[in-house]
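**Q** Please find work_4.pdb (PDB, C-alpha atoms) on the next line:
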```pdb
MODEL        1
ATOM      1  CA  MET A   1       0.000   0.000   0.000
ATOM      2  CA  SER A   2       1.092   3.555  -0.537
ATOM      3  CA  LYS A   3       2.135   5.919   2.225
ATOM      4  CA  GLU A   4      -1.072   7.906   1.647
ATOM      5  CA  GLU A   5      -3.226   4.773   2.064
ATOM      6  CA  LEU A   6      -1.416   3.932   5.313
ATOM      7  CA  LEU A   7      -1.954   7.447   6.680
ATOM      8  CA  ASN A   8      -5.631   7.287   5.724
ATOM      9  CA  MET A   9      -5.988   4.075   7.730
ATOM     10  CA  PHE A  10      -4.622   5.880  10.799
ATOM     11  CA  GLU A  11      -6.965   8.823  10.211
ATOM     12  CA  ARG A  12      -9.991   6.509   9.931
ATOM     13  CA  GLU A  13      -8.708   4.715  13.063
ATOM     14  CA  GLU A  14      -8.642   1.351  11.287
ATOM     15  CA  LEU A  15      -4.964   1.153  12.217
ATOM     16  CA  LYS A  16      -4.003   2.169  15.747
ATOM     17  CA  ASP A  17      -0.830   2.456  17.785
ATOM     18  CA  ASP A  18      -1.136   1.307  21.393
ATOM     19  CA  SER A  19       1.116  -0.079  24.117
ATOM     20  CA  LYS A  20       0.911  -3.567  22.535
ATOM     21  CA  GLY A  21       2.022  -2.420  19.064
ATOM     22  CA  TRP A  22       0.175  -1.722  15.829
ATOM     23  CA  LEU A  23      -3.432  -2.912  15.736
ATOM     24  CA  LEU A  24      -5.526  -3.324  12.588
ATOM     25  CA  ASN A  25      -9.170  -3.883  13.507
ATOM     26  CA  GLY A  26      -8.049  -5.492  16.773
ATOM     27  CA  MET A  27      -5.318  -7.705  15.246
ATOM     28  CA  LYS A  28      -1.635  -7.140  15.960
ATOM     29  CA  VAL A  29       0.267  -6.302  12.770
ATOM     30  CA  GLU A  30       3.780  -5.401  11.751
ATOM     31  CA  ILE A  31       4.356  -2.502   9.349
ATOM     32  CA  VAL A  32       7.160  -3.128   6.856
ATOM     33  CA  ALA A  33       8.567  -0.218   4.854
ATOM     34  CA  ILE A  34       9.312  -0.974   1.204
ATOM     35  CA  HIS A  35      11.879   1.275  -0.454
ATOM     36  CA  GLU A  36      12.546   1.510  -4.166
ATOM     37  CA  THR A  37      16.186   2.507  -3.677
ATOM     38  CA  ASP A  38      19.215   0.308  -3.111
ATOM     39  CA  PRO A  39      18.594  -1.826   0.019
ATOM     40  CA  LYS A  40      22.199  -1.578   1.226
ATOM     41  CA  TYR A  41      21.510   1.951   2.490
ATOM     42  CA  LEU A  42      19.666   2.559   5.741
ATOM     43  CA  HIS A  43      16.255   4.124   5.301
ATOM     44  CA  ASP A  44      13.837   5.918   7.565
ATOM     45  CA  VAL A  45      10.657   3.852   8.004
ATOM     46  CA  THR A  46       8.568   7.034   7.699
ATOM     47  CA  ASP A  47      10.041   7.887   4.299
ATOM     48  CA  ALA A  48       9.179   4.758   2.278
ATOM     49  CA  GLN A  49       7.241   4.729  -0.966
ATOM     50  CA  TYR A  50       5.165   1.682  -0.002
ATOM     51  CA  TYR A  51       4.268  -0.327   3.100
ATOM     52  CA  LYS A  52       3.186  -3.885   3.794
ATOM     53  CA  LEU A  53       1.104  -5.001   6.782
ATOM     54  CA  ILE A  54       1.803  -8.466   8.193
ATOM     55  CA  CYS A  55      -0.617 -10.064  10.702
ATOM     56  CA  ARG A  56       1.271 -11.308  13.763
ATOM     57  CA  GLU A  57      -1.486 -12.788  15.941
ATOM     58  CA  ASN A  58      -5.200 -13.383  16.197
ATOM     59  CA  LYS A  59      -7.701 -10.752  17.291
ATOM     60  CA  ILE A  60      -7.255  -9.547  20.863
TER      61      ILE A  60
ENDMDL
END
```
Give the structure from this file in structure tokens form.
**A**
Amino acid sequence: MSKEELLNMFEREELKDDSKGWLLNGMKVEIVAIHETDPKYLHDVTDAQYYKLICRENKI
């Protein structure tokens, strides 16, 4: 998903940040930044072109 889509999810409160981590509709997820530049350079997670959400556990 694009950075804009990710931000929209936060604005609509579909994706939330709490003390347990990132929650998507009550499920713990990991946010992975996907950069289009050479991966050998360190990148800021907030400055990626695209993001991927990975479910880490069942609904809490």
**Q** Skipping near chain neighbours, those fewer than 5 positions away, what residues fall within 10 Å of A:Asp47 using all atoms listed in the file, listed as an NGL selection string?
**A** :A and (3 or 33-35)
**Q** Mind writing the picked residues with C-alpha atoms as a compact mmCIF listing (two decimals), in the coordinates of the input?
**A**
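To be explicit, this is the file written out as again12.txt:
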```
# COMPACT_ATOMS: atom_id res chain seq x y z
CA LYS A 3 2.13 5.92 2.22
CA ALA A 33 8.57 -0.22 4.85
CA ILE A 34 9.31 -0.97 1.20
CA HIS A 35 11.88 1.27 -0.45
```
**Q** So what do you get for atom CA of A:Leu6 versus atom CA of A:Tyr51, distance-wise?
**A**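 Separation of atom CA of A:Leu6 and atom CA of A:Tyr51: 7.4 Å.
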**Q** Closest to A:Ile54 among A:Leu15, A:Ile31, A:Leu7, A:Leu24, using all atoms listed in the file?
**A** A:Ile31
**Q** What is the distance, in Å and to one decimal place, between atom CA of A:Met1 and atom CA of A:Gln49?
**A**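 Separation between atom CA of A:Met1 and atom CA of A:Gln49: 8.7 Å.
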**Q** Rounded to one decimal, what separation in Å do you get between atom CA of A:Lys16 and atom CA of A:Glu36?
**A**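 Result for atom CA of A:Lys16 versus atom CA of A:Glu36: 25.9 Å, one decimal.
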**Q** Neighbouring residues of A:Arg56 were defined as those with any atom within 9 Å, considering all atoms listed in the file; residues of the same chain fewer than 4 positions away were excluded. Please report them as a PDB file with C-alpha atoms, in the coordinates of the input.
**A**
```pdb
ATOM      1  CA  MET A  27      -5.318  -7.705  15.246  1.00  0.00           C
ATOM      2  CA  LYS A  28      -1.635  -7.140  15.960  1.00  0.00           C
ATOM      3  CA  VAL A  29       0.267  -6.302  12.770  1.00  0.00           C
ATOM      4  CA  GLU A  30       3.780  -5.401  11.751  1.00  0.00           C
TER       5      GLU A  30
END
```
